[in-house]
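Heads up: the structure comes next, in structure tokens.
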Amino acid sequence: MFKGSIVAIVTPFNNGAVDEKKLRELVDFQIDNGTDAIVACGTTGEASTLDYEEHMDVIRIVFEQAKGRVPVIAGTGSNSTAEAIELSQKARELGVAGVLLVTPYYNKPTQEGLYLHYRAIADAVEIPQILYNVPGRTGVNLLPETVARLAPHKNIVAIKEATGSLQQASEVMALCGNQIDVFSGDDFITFPMMACGAVGVISVLANIMPKTVGDLTDAFFAGDLAKARQLHLDTLKIGNAMFIESNPIPVKTALGLMGKCSDEVRLPLCPMGEANKAKLTAIMKEYKLI
């Protein structure tokens with residue numbers, strides 16, 4: 001259903017408020033450079049510090065600006081099942097193509113709790129749903145066996161696997177077969193994950209290098225593995241730089257250096273340290289991004 005290079009788009013701020021003008025410009029920048037779909041209000045979009053109205057406004061703005069040119073996927077996950085259902089239903093009413101559902105954070109449910117959580121959302125909201133497993137951020141790991149229990153549900157269509165583990169991603173694919181699509185959640189293993197059967201990436205790096213990330217996935221699907229492999233190797237350094245501090249601090253700093261939007265983040269995130277900013281600036285100059 002979804003495929004290729006999907007950007008987890010940042011939410012630009014201006015003096016503490018969502019910067020609608022810059023957000024619309026970023027949507028156009030992505031589409032003009034070949035991005036296949038856009039995720040609004042993911043981790044990179046700082047969804048955790050958006051209030052309810054802002055959250056829905058960001059999704060609406062991205063959906064409106066995309067104008068049907070690419071699918072828009074709304075981040076609607078929560079550590080409250082009831083809230084995730086409400087957000088997902090509201091996103092469905094806006095008209096988005098699907099929702100991205102991060103595993104519940106902080107309350108650390110068991111595997112049975114995770115299964116029941118996702119099943120409840122899938123039963124309640126008639127929309128394509130992408131599971132999102134990022135234990136480094138949430139404190140809980142959605143295991144392959146649990147994904148396999150969820151995969152037959154008609155509304156669960158994919159998983160964003162962001163454990164950084166090729167083994168776990170491979171186990172998901174082995175257990176689920178063609179019942180569910182798998183996306184890389186980490187730019188630095190997109191190519192090897194696609195070699196194992198992943199259908200693309202939900203990318204941080206695409207915020208600043210949308211054409212390059214899109215070229216990588218396009219080359220892979222076209223059977224040009226040499227080109228895809230080379231792009232994978234060429235982007236490792238800049239991809240790793242997007243995580244020298246907590247995401248999305250580096251990618252927002254990079255966008256600020258490129259003049260695309262402010263580098264402003266919301267507390268408890270804070271501006272990048274000067275030493276890391278100097279490293280990032282040097283790498284971006286190396287890649288001719290600034």
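Naming works like this for the structure tokens: A, B, ... for the chains as they're shown, residue 1 at the start of each chain, ligands 1 onward in shown order.
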Got a sec: who's within 7 Å of stretch 178-190 of chain A, counting only C-alpha atoms, leaving out chain neighbours fewer than 4 positions off, as a PyMOL selection string? chain A and resi 151-152+157-162+164+194+198-203+205+236+239-240
Can you list, as an MDAnalysis selection string, all residues belonging to stretch 31-80 of chain A that DSSP tags as strand (DSSP E)? chainID A and resid 37:40 72:75
Export N, CA and C atoms of the chosen residues as an mmCIF file, in the first residue's frame?
data_model
loop_
_atom_site.group_PDB
_atom_site.id
_atom_site.type_symbol
_atom_site.label_atom_id
_atom_site.label_comp_id
_atom_site.auth_asym_id
_atom_site.auth_seq_id
_atom_site.Cartn_x
_atom_site.Cartn_y
_atom_site.Cartn_z
ATOM 1 N N ALA A 37 5.754 9.625 0.251
ATOM 2 C CA ALA A 37 4.677 9.854 1.219
ATOM 3 C C ALA A 37 5.254 10.649 2.380
ATOM 4 N N ILE A 38 4.361 11.244 3.173
ATOM 5 C CA ILE A 38 4.788 12.100 4.290
ATOM 6 C C ILE A 38 4.097 11.649 5.566
ATOM 7 N N VAL A 39 4.893 11.457 6.625
ATOM 8 C CA VAL A 39 4.354 11.214 7.959
ATOM 9 C C VAL A 39 4.360 12.532 8.722
ATOM 10 N N ALA A 40 3.198 12.950 9.188
ATOM 11 C CA ALA A 40 3.077 14.134 10.043
ATOM 12 C C ALA A 40 2.905 13.684 11.486
ATOM 13 N N VAL A 72 -0.532 11.061 2.788
ATOM 14 C CA VAL A 72 -0.146 11.598 4.084
ATOM 15 C C VAL A 72 -0.553 10.598 5.158
ATOM 16 N N ILE A 73 0.397 10.295 6.024
ATOM 17 C CA ILE A 73 0.189 9.351 7.130
ATOM 18 C C ILE A 73 0.301 10.141 8.420
ATOM 19 N N ALA A 74 -0.674 9.975 9.293
ATOM 20 C CA ALA A 74 -0.709 10.745 10.538
ATOM 21 C C ALA A 74 -0.174 9.919 11.702
ATOM 22 N N GLY A 75 0.738 10.497 12.447
ATOM 23 C CA GLY A 75 1.167 9.870 13.693
ATOM 24 C C GLY A 75 0.090 10.057 14.749
#
Polymer residues at most 10 Å from A:Lys260, only C-alpha atoms, same-chain spacing of 4 or more positions, as JSON, numbers by chain: {"A": [12, 22, 23, 25, 26, 29, 207, 208, 252, 254, 255, 256]}
Would you return as number ranges by chain the members of stretch 140-265 of chain A that DSSP assigns to helix (DSSP H, G or I) on this structure's backbone? A: 144-150, 166-179, 187-196, 205-207, 210-221, 225-234, 236-241, 249-257
Gap from atom CA of A:Arg119 to atom CA of A:Leu150 - Å, one decimal: 7.0 Å
Exercise: A:Thr253 partners within 12 Å, only C-alpha atoms, chain neighbours under 5 positions left out, as a PyMOL selection string: chain A and resi 10+12+207-208+241-248+258-265+270-274+276-281+284
Take the residues that were just selected and, keeping N, CA and C atoms, output them as a compact mmCIF listing (two decimals), in the first residue's frame.
# COMPACT_ATOMS: atom_id res chain seq x y z
N VAL A 10 9.57 17.14 9.99
CA VAL A 10 9.68 17.94 11.21
C VAL A 10 8.47 18.86 11.32
N PRO A 12 8.03 22.63 12.13
CA PRO A 12 8.77 23.88 12.39
C PRO A 12 8.03 24.78 13.37
N ASN A 207 14.38 14.55 5.36
CA ASN A 207 14.06 15.95 5.63
C ASN A 207 15.04 16.89 4.94
N ILE A 208 16.31 16.50 4.88
CA ILE A 208 17.32 17.38 4.30
C ILE A 208 17.84 16.88 2.95
N ALA A 241 25.00 11.43 11.43
CA ALA A 241 25.04 12.77 12.03
C ALA A 241 23.67 13.24 12.49
N MET A 242 22.61 12.66 11.93
CA MET A 242 21.26 13.03 12.34
C MET A 242 20.93 12.51 13.74
N PHE A 243 21.88 11.76 14.34
CA PHE A 243 21.62 11.20 15.67
C PHE A 243 22.76 11.48 16.64
N ILE A 244 23.55 12.53 16.37
CA ILE A 244 24.62 12.86 17.31
C ILE A 244 24.04 13.47 18.59
N GLU A 245 22.82 13.97 18.51
CA GLU A 245 22.03 14.30 19.70
C GLU A 245 20.62 13.77 19.43
N SER A 246 19.75 13.88 20.42
CA SER A 246 18.42 13.29 20.30
C SER A 246 17.68 13.85 19.09
N ASN A 247 17.13 12.94 18.28
CA ASN A 247 16.25 13.33 17.18
C ASN A 247 15.02 14.04 17.76
N PRO A 248 14.58 15.19 17.19
CA PRO A 248 15.01 15.81 15.93
C PRO A 248 15.96 17.00 16.08
N MET A 258 20.35 25.17 6.51
CA MET A 258 19.98 25.23 5.08
C MET A 258 19.00 26.36 4.78
N GLY A 259 18.50 27.03 5.84
CA GLY A 259 17.56 28.12 5.64
C GLY A 259 16.14 27.67 5.34
N LYS A 260 15.84 26.39 5.65
CA LYS A 260 14.51 25.85 5.36
C LYS A 260 13.49 26.18 6.43
N CYS A 261 13.92 26.27 7.67
CA CYS A 261 13.05 26.64 8.78
C CYS A 261 13.92 26.93 9.99
N SER A 262 13.31 27.39 11.04
CA SER A 262 14.04 27.62 12.28
C SER A 262 14.53 26.30 12.86
N ASP A 263 15.62 26.35 13.60
CA ASP A 263 16.11 25.15 14.28
C ASP A 263 15.46 24.98 15.66
N GLU A 264 14.40 25.75 15.93
CA GLU A 264 13.76 25.75 17.24
C GLU A 264 13.11 24.41 17.56
N VAL A 265 13.40 23.92 18.76
CA VAL A 265 12.75 22.72 19.30
C VAL A 265 12.06 23.10 20.60
N CYS A 270 16.44 20.78 23.56
CA CYS A 270 17.11 22.08 23.63
C CYS A 270 18.03 22.23 22.44
N PRO A 271 18.52 23.44 22.17
CA PRO A 271 19.41 23.65 21.03
C PRO A 271 20.64 22.75 21.10
N MET A 272 21.16 22.41 19.94
CA MET A 272 22.34 21.56 19.86
C MET A 272 23.55 22.24 20.48
N GLY A 273 24.36 21.45 21.17
CA GLY A 273 25.59 21.96 21.75
C GLY A 273 26.54 22.47 20.67
N GLU A 274 27.33 23.46 21.02
CA GLU A 274 28.18 24.11 20.02
C GLU A 274 29.18 23.16 19.37
N ASN A 276 28.91 19.88 18.87
CA ASN A 276 28.21 19.02 17.91
C ASN A 276 27.70 19.81 16.71
N LYS A 277 27.30 21.05 16.94
CA LYS A 277 26.85 21.89 15.82
C LYS A 277 28.00 22.13 14.84
N ALA A 278 29.19 22.31 15.37
CA ALA A 278 30.36 22.50 14.51
C ALA A 278 30.63 21.23 13.69
N LYS A 279 30.50 20.06 14.33
CA LYS A 279 30.68 18.79 13.61
C LYS A 279 29.64 18.65 12.51
N LEU A 280 28.39 18.93 12.86
CA LEU A 280 27.31 18.80 11.88
C LEU A 280 27.51 19.77 10.72
N THR A 281 27.91 20.99 11.02
CA THR A 281 28.14 21.99 9.97
C THR A 281 29.22 21.52 9.00
N MET A 284 27.83 18.77 6.79
CA MET A 284 26.90 19.30 5.79
C MET A 284 27.65 20.03 4.67
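Neighbouring residues of A:His153 at 12 Å or closer, counting only C-alpha atoms and skipping chain neighbours under 4 positions away, are Tyr115, Tyr118, Arg119, Ala120, Ile121, Ala122, Asp123, Ala124, Val125, Glu126, Ile127, Pro128, Gln129, Ile130, Leu131, Val147, Ala148, Arg149, Val157, Ala158, Cys176, Gln179 and Ile180 of chain A.
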Rank nothing, just name the residue among A:Asn155, A:Thr11, A:Met193, A:Ala97 nearest to A:Gln168, using only C-alpha atoms.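 For A:Gln168, the nearest of the given residues is A:Met193.
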List as a PyMOL selection string the protein and nucleic acid residues near A:Arg69, meaning an atom at most 12 Å away when only C-alpha atoms are counted, but skip any in the same chain fewer than 5 places from it. chain A and resi 27-28+30-32+34-38+62-64+97
How would the residues just chosen look if you wrote them out with N, CA and C atoms as an mmCIF file, in the first residue's frame?
data_model
loop_
_atom_site.group_PDB
_atom_site.id
_atom_site.type_symbol
_atom_site.label_atom_id
_atom_site.label_comp_id
_atom_site.auth_asym_id
_atom_site.auth_seq_id
_atom_site.Cartn_x
_atom_site.Cartn_y
_atom_site.Cartn_z
ATOM 1 N N VAL A 27 6.576 20.717 3.031
ATOM 2 C CA VAL A 27 5.793 19.719 2.301
ATOM 3 C C VAL A 27 6.086 19.820 0.805
ATOM 4 N N ASP A 28 6.077 21.033 0.271
ATOM 5 C CA ASP A 28 6.361 21.216 -1.152
ATOM 6 C C ASP A 28 7.791 20.789 -1.494
ATOM 7 N N GLN A 30 9.524 18.480 -0.103
ATOM 8 C CA GLN A 30 9.550 17.025 -0.145
ATOM 9 C C GLN A 30 8.950 16.496 -1.444
ATOM 10 N N ILE A 31 7.789 16.977 -1.781
ATOM 11 C CA ILE A 31 7.101 16.460 -2.966
ATOM 12 C C ILE A 31 7.864 16.812 -4.231
ATOM 13 N N ASP A 32 8.411 18.025 -4.288
ATOM 14 C CA ASP A 32 9.178 18.448 -5.461
ATOM 15 C C ASP A 32 10.428 17.601 -5.659
ATOM 16 N N GLY A 34 10.660 14.262 -4.899
ATOM 17 C CA GLY A 34 10.397 12.851 -5.143
ATOM 18 C C GLY A 34 10.029 11.992 -3.954
ATOM 19 N N THR A 35 9.762 12.592 -2.799
ATOM 20 C CA THR A 35 9.338 11.803 -1.652
ATOM 21 C C THR A 35 7.996 11.127 -1.961
ATOM 22 N N ASP A 36 7.875 9.866 -1.556
ATOM 23 C CA ASP A 36 6.706 9.060 -1.919
ATOM 24 C C ASP A 36 5.518 9.245 -0.989
ATOM 25 N N ALA A 37 5.754 9.625 0.251
ATOM 26 C CA ALA A 37 4.677 9.854 1.219
ATOM 27 C C ALA A 37 5.254 10.649 2.380
ATOM 28 N N ILE A 38 4.361 11.244 3.173
ATOM 29 C CA ILE A 38 4.788 12.100 4.290
ATOM 30 C C ILE A 38 4.097 11.649 5.566
ATOM 31 N N VAL A 62 -0.484 19.547 6.712
ATOM 32 C CA VAL A 62 0.290 18.687 5.812
ATOM 33 C C VAL A 62 -0.627 18.053 4.770
ATOM 34 N N PHE A 63 -1.790 17.584 5.210
ATOM 35 C CA PHE A 63 -2.743 16.960 4.287
ATOM 36 C C PHE A 63 -3.227 17.967 3.241
ATOM 37 N N GLU A 64 -3.567 19.171 3.687
ATOM 38 C CA GLU A 64 -4.031 20.198 2.750
ATOM 39 C C GLU A 64 -2.948 20.555 1.738
ATOM 40 N N ALA A 97 -4.281 9.046 4.471
ATOM 41 C CA ALA A 97 -4.212 7.715 3.856
ATOM 42 C C ALA A 97 -3.972 6.606 4.869
#
Gap from atom CA of A:His55 to atom CA of A:Glu112 - Å, one decimal: 28.6 Å
Hey, could you make a per-residue contact list for stretch 25-79 of chain A against stretch 83-87 of chain A with 7 Å as the cut-off, showing the nearest pair of atoms and its distance in Å to one decimal, counting only C-alpha atoms, sorted by chain and number, as JSON lines?
{"residue": "A:Thr76", "atom": "CA", "partner": "A:Leu87", "partner_atom": "CA", "distance": 5.4}
{"residue": "A:Gly77", "atom": "CA", "partner": "A:Ala84", "partner_atom": "CA", "distance": 5.1}
{"residue": "A:Ser78", "atom": "CA", "partner": "A:Ala84", "partner_atom": "CA", "distance": 5.1}
